[in-house]
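Asks: Supplied structure: structure32.txt, compact mmCIF, C-alpha atoms and all ligand atoms.
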```txt
# COMPACT_ATOMS: atom_id res chain seq x y z
CA MET U 47 22.35 -14.61 -37.76
CA SER U 48 19.22 -12.61 -38.59
CA LEU U 49 18.00 -12.30 -42.15
CA ASN U 50 17.72 -8.54 -42.63
CA LEU U 51 16.69 -8.27 -46.26
CA ILE U 52 15.79 -5.45 -48.63
CA MET U 53 14.02 -6.37 -51.84
CA LEU U 54 14.33 -4.08 -54.82
CA GLY U 55 12.46 -4.52 -58.07
CA PRO U 56 10.09 -2.67 -60.37
CA PRO U 57 6.30 -2.76 -60.09
CA GLY U 58 5.20 -6.02 -61.67
CA ALA U 59 8.36 -7.96 -60.71
CA GLY U 60 6.46 -10.01 -58.14
CA LYS U 61 8.50 -8.54 -55.32
CA GLY U 62 5.64 -8.39 -52.80
CA THR U 63 4.60 -11.98 -53.41
CA GLN U 64 8.18 -13.25 -53.14
CA ALA U 65 8.82 -11.22 -50.00
CA GLU U 66 5.64 -12.61 -48.44
CA ARG U 67 6.60 -16.18 -49.26
CA LEU U 68 10.16 -15.95 -47.95
CA ALA U 69 9.00 -14.15 -44.81
CA ARG U 70 6.50 -16.91 -44.09
CA ASN U 71 9.15 -19.61 -44.59
CA ARG U 72 11.60 -17.86 -42.28
CA GLY U 73 9.04 -16.83 -39.67
CA ILE U 74 10.00 -13.16 -39.90
CA PRO U 75 7.79 -10.16 -40.76
CA LYS U 76 7.46 -8.80 -44.27
CA ILE U 77 7.40 -5.07 -43.82
CA SER U 78 5.71 -3.15 -46.62
CA THR U 79 5.57 0.60 -46.22
CA GLY U 80 2.47 0.63 -48.42
CA ASP U 81 0.69 -1.66 -45.97
CA ILE U 82 1.84 0.35 -42.96
CA LEU U 83 0.64 3.61 -44.52
CA ARG U 84 -2.74 2.17 -45.51
CA GLU U 85 -3.14 0.78 -41.99
CA ALA U 86 -2.14 4.10 -40.38
CA VAL U 87 -4.61 6.00 -42.57
CA HIS U 88 -7.32 3.46 -41.81
CA GLU U 89 -6.67 3.65 -38.05
CA ASP U 90 -6.45 7.45 -38.27
CA THR U 91 -3.17 7.65 -36.31
CA GLU U 92 -1.16 10.87 -36.30
CA VAL U 93 1.23 9.55 -38.95
CA GLY U 94 -1.77 8.32 -40.91
CA ARG U 95 -3.39 11.74 -40.90
CA ARG U 96 -0.16 13.43 -42.03
CA ALA U 97 0.31 10.85 -44.77
CA LYS U 98 -3.29 11.15 -45.96
CA VAL U 99 -3.03 14.91 -46.48
CA ILE U 100 0.08 14.37 -48.61
CA MET U 101 -1.37 11.48 -50.61
CA ASP U 102 -4.67 13.34 -51.17
CA ARG U 103 -2.63 16.06 -52.84
CA GLY U 104 -1.25 13.36 -55.15
CA GLU U 105 2.24 13.67 -53.69
CA LEU U 106 4.59 11.04 -52.35
CA VAL U 107 5.05 10.76 -48.60
CA GLY U 108 8.42 12.33 -47.77
CA ASP U 109 11.56 10.68 -46.47
CA ASP U 110 11.15 11.93 -42.90
CA VAL U 111 7.72 10.36 -42.46
CA MET U 112 8.74 7.11 -44.14
CA ILE U 113 11.95 6.80 -42.11
CA GLY U 114 10.01 7.44 -38.91
CA ILE U 115 7.46 4.78 -39.79
CA VAL U 116 10.08 2.17 -40.69
CA GLY U 117 12.26 2.97 -37.67
CA GLU U 118 9.29 2.41 -35.39
CA ARG U 119 8.35 -0.83 -37.16
CA LEU U 120 11.89 -2.27 -37.09
CA GLY U 121 12.07 -1.55 -33.37
CA ARG U 122 9.19 -3.89 -32.59
CA THR U 123 9.86 -7.27 -30.99
CA ASP U 124 8.87 -9.41 -33.98
CA ALA U 125 11.49 -7.72 -36.20
CA GLN U 126 14.43 -8.40 -33.87
CA GLY U 127 15.11 -11.82 -35.40
CA GLY U 128 15.05 -10.49 -38.96
CA PHE U 129 12.73 -8.83 -41.48
CA ILE U 130 12.09 -8.36 -45.16
CA LEU U 131 11.52 -4.81 -46.38
CA ASP U 132 9.31 -4.32 -49.43
CA GLY U 133 8.96 -0.81 -50.84
CA PHE U 134 11.61 0.75 -48.62
CA PRO U 135 14.10 2.32 -49.09
CA ARG U 136 13.05 4.19 -52.23
CA THR U 137 15.61 6.99 -52.05
CA VAL U 138 19.28 7.26 -51.14
CA ALA U 139 18.29 9.42 -48.15
CA GLN U 140 16.08 6.58 -46.91
CA ALA U 141 18.86 4.03 -47.55
CA THR U 142 21.35 6.13 -45.58
CA ALA U 143 18.90 6.43 -42.71
CA LEU U 144 18.30 2.68 -42.82
CA ASP U 145 22.05 2.04 -42.46
CA GLY U 146 21.83 4.16 -39.32
CA LEU U 147 18.94 2.06 -38.02
CA MET U 148 21.02 -1.10 -38.58
CA ILE U 149 23.83 -0.12 -36.23
CA GLY U 150 24.20 -2.92 -33.71
CA ARG U 151 22.20 -5.33 -35.86
CA ASP U 152 23.25 -7.89 -38.49
CA PRO U 153 24.13 -6.32 -41.86
CA LEU U 154 21.57 -5.85 -44.61
CA LEU U 155 21.29 -8.16 -47.58
CA VAL U 156 19.99 -6.54 -50.75
CA VAL U 157 18.33 -8.47 -53.58
CA ASP U 158 17.33 -6.75 -56.82
CA ILE U 159 14.74 -8.54 -58.97
CA ILE U 160 15.31 -7.76 -62.64
CA VAL U 161 12.59 -8.07 -65.30
CA PRO U 162 12.75 -6.70 -68.88
CA GLU U 163 10.48 -3.73 -69.50
CA ASP U 164 8.26 -5.29 -72.20
CA GLU U 165 7.53 -8.18 -69.84
CA LEU U 166 6.63 -5.74 -67.03
CA VAL U 167 4.27 -3.83 -69.31
CA ARG U 168 2.59 -7.07 -70.31
CA ARG U 169 2.19 -8.13 -66.69
CA LEU U 170 1.04 -4.77 -65.36
CA SER U 171 -1.49 -4.26 -68.14
CA THR U 172 -3.27 -7.46 -67.10
CA ARG U 173 -3.06 -7.16 -63.34
CA LEU U 174 -6.16 -7.56 -61.18
CA ILE U 175 -6.94 -6.07 -57.81
CA CYS U 176 -9.71 -6.80 -55.29
CA SER U 177 -12.32 -4.03 -55.39
CA ASN U 178 -13.06 -4.67 -51.73
CA CYS U 179 -9.78 -5.19 -49.81
CA GLY U 180 -7.14 -4.01 -52.31
CA HIS U 181 -5.41 -7.40 -52.53
CA ASN U 182 -3.26 -7.73 -55.68
CA ALA U 183 -4.20 -10.98 -57.37
CA PRO U 184 -1.10 -12.90 -58.46
CA LEU U 185 -0.60 -12.99 -62.22
CA GLY U 186 -2.80 -15.42 -64.05
CA ASP U 187 -5.03 -15.71 -60.98
CA GLY U 188 -8.46 -15.49 -62.54
CA GLN U 189 -10.24 -13.07 -64.87
CA PRO U 190 -11.99 -9.79 -64.09
CA GLY U 191 -15.11 -10.69 -62.09
CA ALA U 192 -13.43 -13.61 -60.29
CA LYS U 193 -13.51 -13.68 -56.49
CA CYS U 194 -10.74 -12.42 -54.19
CA PRO U 195 -8.96 -15.34 -52.46
CA LEU U 196 -8.79 -13.32 -49.23
CA CYS U 197 -12.21 -11.74 -48.80
CA GLY U 198 -14.41 -12.96 -51.67
CA GLY U 199 -14.65 -9.46 -53.16
CA GLU U 200 -14.73 -8.91 -56.90
CA LEU U 201 -11.41 -8.78 -58.81
CA VAL U 202 -11.20 -5.89 -61.26
CA GLN U 203 -8.48 -4.50 -63.51
CA ARG U 204 -6.42 -1.89 -61.70
CA ALA U 205 -7.58 1.57 -62.62
CA ASP U 206 -4.03 2.89 -62.91
CA ASP U 207 -2.77 0.10 -65.13
CA SER U 208 -3.43 1.50 -68.61
CA GLN U 209 -0.37 1.22 -70.85
CA LYS U 210 0.51 4.91 -70.63
CA VAL U 211 0.29 4.94 -66.84
CA VAL U 212 2.32 1.73 -66.66
CA LEU U 213 5.13 3.23 -68.76
CA GLU U 214 5.10 6.36 -66.63
CA ARG U 215 5.31 4.33 -63.40
CA LEU U 216 8.25 2.34 -64.78
CA LYS U 217 10.00 5.54 -65.83
CA ILE U 218 9.61 6.97 -62.33
CA TYR U 219 10.77 3.69 -60.84
CA ARG U 220 13.93 3.64 -62.97
CA ALA U 221 14.75 7.25 -62.19
CA ASN U 222 14.34 6.66 -58.45
CA THR U 223 15.96 3.26 -58.25
CA LYS U 224 19.09 3.79 -60.31
CA PRO U 225 20.78 5.84 -57.54
CA LEU U 226 19.62 3.25 -55.01
CA VAL U 227 21.18 0.36 -56.93
CA ASP U 228 24.34 2.45 -57.29
CA PHE U 229 24.27 2.97 -53.53
CA TYR U 230 24.15 -0.77 -52.80
CA HIS U 231 25.62 -2.67 -55.71
CA LEU U 232 29.27 -2.68 -54.61
CA ARG U 233 28.43 -4.24 -51.27
CA PRO U 234 29.36 -7.92 -51.00
CA THR U 235 25.82 -8.58 -49.73
CA PHE U 236 24.14 -7.29 -52.92
CA ARG U 237 22.64 -9.80 -55.40
CA SER U 238 20.57 -9.55 -58.59
CA ILE U 239 18.13 -12.26 -59.63
CA ASN U 240 16.18 -12.90 -62.81
CA GLY U 241 12.49 -12.13 -62.21
CA ALA U 242 11.39 -13.16 -65.72
CA GLN U 243 10.85 -16.77 -64.65
CA SER U 244 8.07 -18.73 -62.98
CA PRO U 245 7.34 -17.65 -59.38
CA ASP U 246 8.79 -20.97 -58.13
CA ARG U 247 12.07 -20.43 -59.97
CA VAL U 248 12.30 -16.85 -58.72
CA ALA U 249 11.67 -18.10 -55.18
CA ALA U 250 14.46 -20.70 -55.52
CA ASP U 251 16.88 -18.10 -56.90
CA LEU U 252 15.94 -15.75 -54.08
CA VAL U 253 16.78 -18.39 -51.46
CA ALA U 254 20.10 -19.12 -53.23
CA ALA U 255 20.94 -15.40 -53.40
CA VAL U 256 20.16 -14.95 -49.71
CA GLU U 257 22.37 -17.93 -48.77
CA ALA U 258 25.23 -16.72 -50.98
CA ALA U 259 25.05 -13.17 -49.66
CA GLY U 260 24.77 -14.52 -46.12
CA SER U 261 27.94 -16.63 -46.44
CA VAL U 262 29.89 -13.66 -47.85
CA ARG U 263 28.69 -11.72 -44.87
CA ARG U 264 29.85 -14.44 -42.45
CA ALA U 265 33.27 -14.67 -44.15
CA GLY U 266 33.27 -10.85 -44.20
CA ALA U 267 35.95 -8.65 -42.72
CA PRO U 268 38.55 -10.25 -40.45
CA GLY U 269 37.06 -10.62 -37.00
CA LEU U 270 38.67 -10.06 -33.62
CA ASP U 271 39.69 -13.75 -33.49
CA ASP U 272 41.85 -13.42 -36.60
CA VAL U 273 43.66 -10.40 -35.25
CA VAL U 274 44.19 -11.93 -31.83
CA GLY U 275 45.31 -15.20 -33.46
CA GLY U 276 48.07 -13.33 -35.28
CA VAL U 277 49.40 -11.72 -32.15
CA LEU U 278 49.24 -14.44 -29.52
CA PRO U 279 51.60 -17.45 -29.62
ZN ZN C 1 -10.35 -8.96 -51.24
```
Write out the structure in this file as structure tokens.

Replies:
Amino acid sequence: MSLNLIMLGPPGAGKGTQAERLARNRGIPKISTGDILREAVHEDTEVGRRAKVIMDRGELVGDDVMIGIVGERLGRTDAQGGFILDGFPRTVAQATALDGLMIGRDPLLVVDIIVPEDELVRRLSTRLICSNCGHNAPLGDGQPGAKCPLCGGELVQRADDSQKVVLERLKIYRANTKPLVDFYHLRPTFRSINGAQSPDRVAADLVAAVEAAGSVRRAGAPGLDDVVGGVLP
């Protein structure tokens, strides 16, 4: 059965890093809408040009564009055996559209990474980013001025990570995500994990959550065999 996973979690929860790691272990793509958008803008595709106009105005790219981008990406060959979505869905409209995209495929598993707010503020206020390629340095990975592990560029503190901006981002995240968690949390394939642990512990809990949700899914609703078994001698 394919691992079709959505990861939810606030900025600073380590979601991207965990998604990357699990995707590598399972040999499936990690699909980040942020990466896809940056790539589309960089390659100056039609979607990229539309997205750039919106982002230059300081607005968020709308549901239609995002759903189109993700639908196209999930249709590619390398995503047929499973995928991990990072940064999508962000709205209930996107989640509903994603359910539509999953028709005929294995059901979604949803994992929410939970981290207390004061811990997120602490993490986000000390986060570094590569000034050259935009890579987010994992927490505790060097001081400002250290070299990027990917391209050798200089690591600097993120411009948008002042305390006030951090609190605002978390507020927006909570407002947007609450309805999304409400949308998913009654599904038997929904799991929460504690993100306020070491990355290795979070990774282990993530694997356990995926296995647990996967076995619920397999047990799932009675299949055709059960029904037929009750009717035939
Ligand atoms: Zn870099």

Asks: Taking only C-alpha atoms into account, name the residue in U:Ala255, U:Ala143, U:Leu166, U:Leu49 that is nearest to Asn71 (chain U).

Replies: U:Leu49

Asks: How would you write, as a PyMOL selection string, the set of residues no farther than 12 Å from ligand ZN 1 (chain C) when counting all atoms listed in the file?

Replies: chain U and resi 174-183+191-202

Asks: Those residues with C-alpha atoms, as a JSON list (two decimals), keeping the file's coordinate frame please?

Replies:
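Result file is again05.json:
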```
[["chain", "number", "residue", "atom", "x", "y", "z"],
["U", 174, "LEU", "CA", -6.16, -7.56, -61.18],
["U", 175, "ILE", "CA", -6.94, -6.07, -57.81],
["U", 176, "CYS", "CA", -9.71, -6.80, -55.29],
["U", 177, "SER", "CA", -12.32, -4.03, -55.39],
["U", 178, "ASN", "CA", -13.06, -4.67, -51.73],
["U", 179, "CYS", "CA", -9.78, -5.19, -49.81],
["U", 180, "GLY", "CA", -7.14, -4.01, -52.31],
["U", 181, "HIS", "CA", -5.41, -7.40, -52.53],
["U", 182, "ASN", "CA", -3.26, -7.73, -55.68],
["U", 183, "ALA", "CA", -4.20, -10.98, -57.37],
["U", 191, "GLY", "CA", -15.11, -10.69, -62.09],
["U", 192, "ALA", "CA", -13.43, -13.61, -60.29],
["U", 193, "LYS", "CA", -13.51, -13.68, -56.49],
["U", 194, "CYS", "CA", -10.74, -12.42, -54.19],
["U", 195, "PRO", "CA", -8.96, -15.34, -52.46],
["U", 196, "LEU", "CA", -8.79, -13.32, -49.23],
["U", 197, "CYS", "CA", -12.21, -11.74, -48.80],
["U", 198, "GLY", "CA", -14.41, -12.96, -51.67],
["U", 199, "GLY", "CA", -14.65, -9.46, -53.16],
["U", 200, "GLU", "CA", -14.73, -8.91, -56.90],
["U", 201, "LEU", "CA", -11.41, -8.78, -58.81],
["U", 202, "VAL", "CA", -11.20, -5.89, -61.26]]
```

Asks: Could you check the closest approach to Arg233 (chain U) for each of U:Ala254, U:Leu154, U:Ala86, U:Leu213 and tell me which residue wins, using all atoms listed in the file?

Replies: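 Ranking U:Ala254, U:Leu154, U:Ala86, U:Leu213 by distance to Arg233 (chain U), first place goes to U:Leu154.
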
Asks: Please report the interatomic distance between CA of Val256 (chain U) and CA of Ile82 (chain U) in Å with one decimal.

Replies: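 Computing the Euclidean distance for CA of Val256 (chain U) and CA of Ile82 (chain U) yields 24.8 Å.
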
Asks: So that I can see what lies close to Arg70 (chain U), please list as an MDAnalysis selection string the residues with an atom at most 12 Å from it, counting all atoms listed in the file and leaving out residues fewer than 6 positions away in the same chain.

Replies: chainID U and resid 63:64 76:77 128:130

Asks: Using all atoms listed in the file, which of the listed residues (U:Val107, U:Ile74, U:Lys217, U:Ala65) sits closest to Arg136 (chain U)?

Replies: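 Closest to Arg136 (chain U) of all the choices is U:Val107.
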
Asks: Write out as a list in words the residues lying within 9 Å of Ser171 (chain U), counting all atoms listed in the file and excluding same-chain residues fewer than 6 positions away.

Replies: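 Neighbouring residues, sequence-local ones excluded: Gln203, Arg204, Asp207, Ser208, Gln209 and Val212 of chain U.
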
Asks: Within 10 Å of Gln140 (chain U), counting all atoms listed in the file, which residues show up once you throw out same-chain ones fewer than 2 positions away? Write them as a list in words, please.

Replies: Gly108, Asp109, Asp110, Met112, Ile113, Val116, Phe134, Pro135, Arg136, Thr137, Val138, Thr142, Ala143, Leu144, Asp145, Gly146 and Leu226 of chain U

Asks: Between CA of Asp246 (chain U) and CA of Ser48 (chain U), what distance in Å does the model show, to one decimal?

Replies: 23.7 Å

Asks: Record the distance separating CA of Val227 (chain U) and CA of Val156 (chain U), expressed in Å with one decimal.

Replies: 9.3 Å

Asks: Of the residues U:Ser238, U:Ser244, U:Thr123, U:Thr223, which is the one nearest to Pro56 (chain U), using only C-alpha atoms?

Replies: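 Counting only C-alpha atoms, the residue closest to Pro56 (chain U) is U:Thr223.
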
Asks: In terms of the shortest atom-to-atom distance over all atoms listed in the file, which of U:Gly127, U:Gly150, U:Gly121, U:Gly58 is closest to Val167 (chain U)?

Replies: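 Selected residue with least distance to Val167 (chain U): U:Gly58.
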
Asks: For Gly55 (chain U), list every protein, DNA or RNA residue within 8 Å, evaluated using all atoms listed in the file, and leave out those in the same chain fewer than 5 positions away; present the list as a PyMOL selection string.

Replies: chain U and resi 61+158-160

Asks: Considering all atoms listed in the file, can you say which of U:Ala242, U:Val262, U:Arg173, U:Pro57 comes closest to Leu216 (chain U)?

Replies: U:Pro57

Asks: When you look at Val93 (chain U) with a cut-off of 10 Å (counting only C-alpha atoms), what residues show up, excluding the ones that are within fewer than 4 positions of it in the same chain? I need them as a list in words.

Replies: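 Result of the neighbour search: Leu83, Ala86, Val87, Glu89, Ala97, Lys98, Val111, Met112, Gly114 and Ile115 of chain U.
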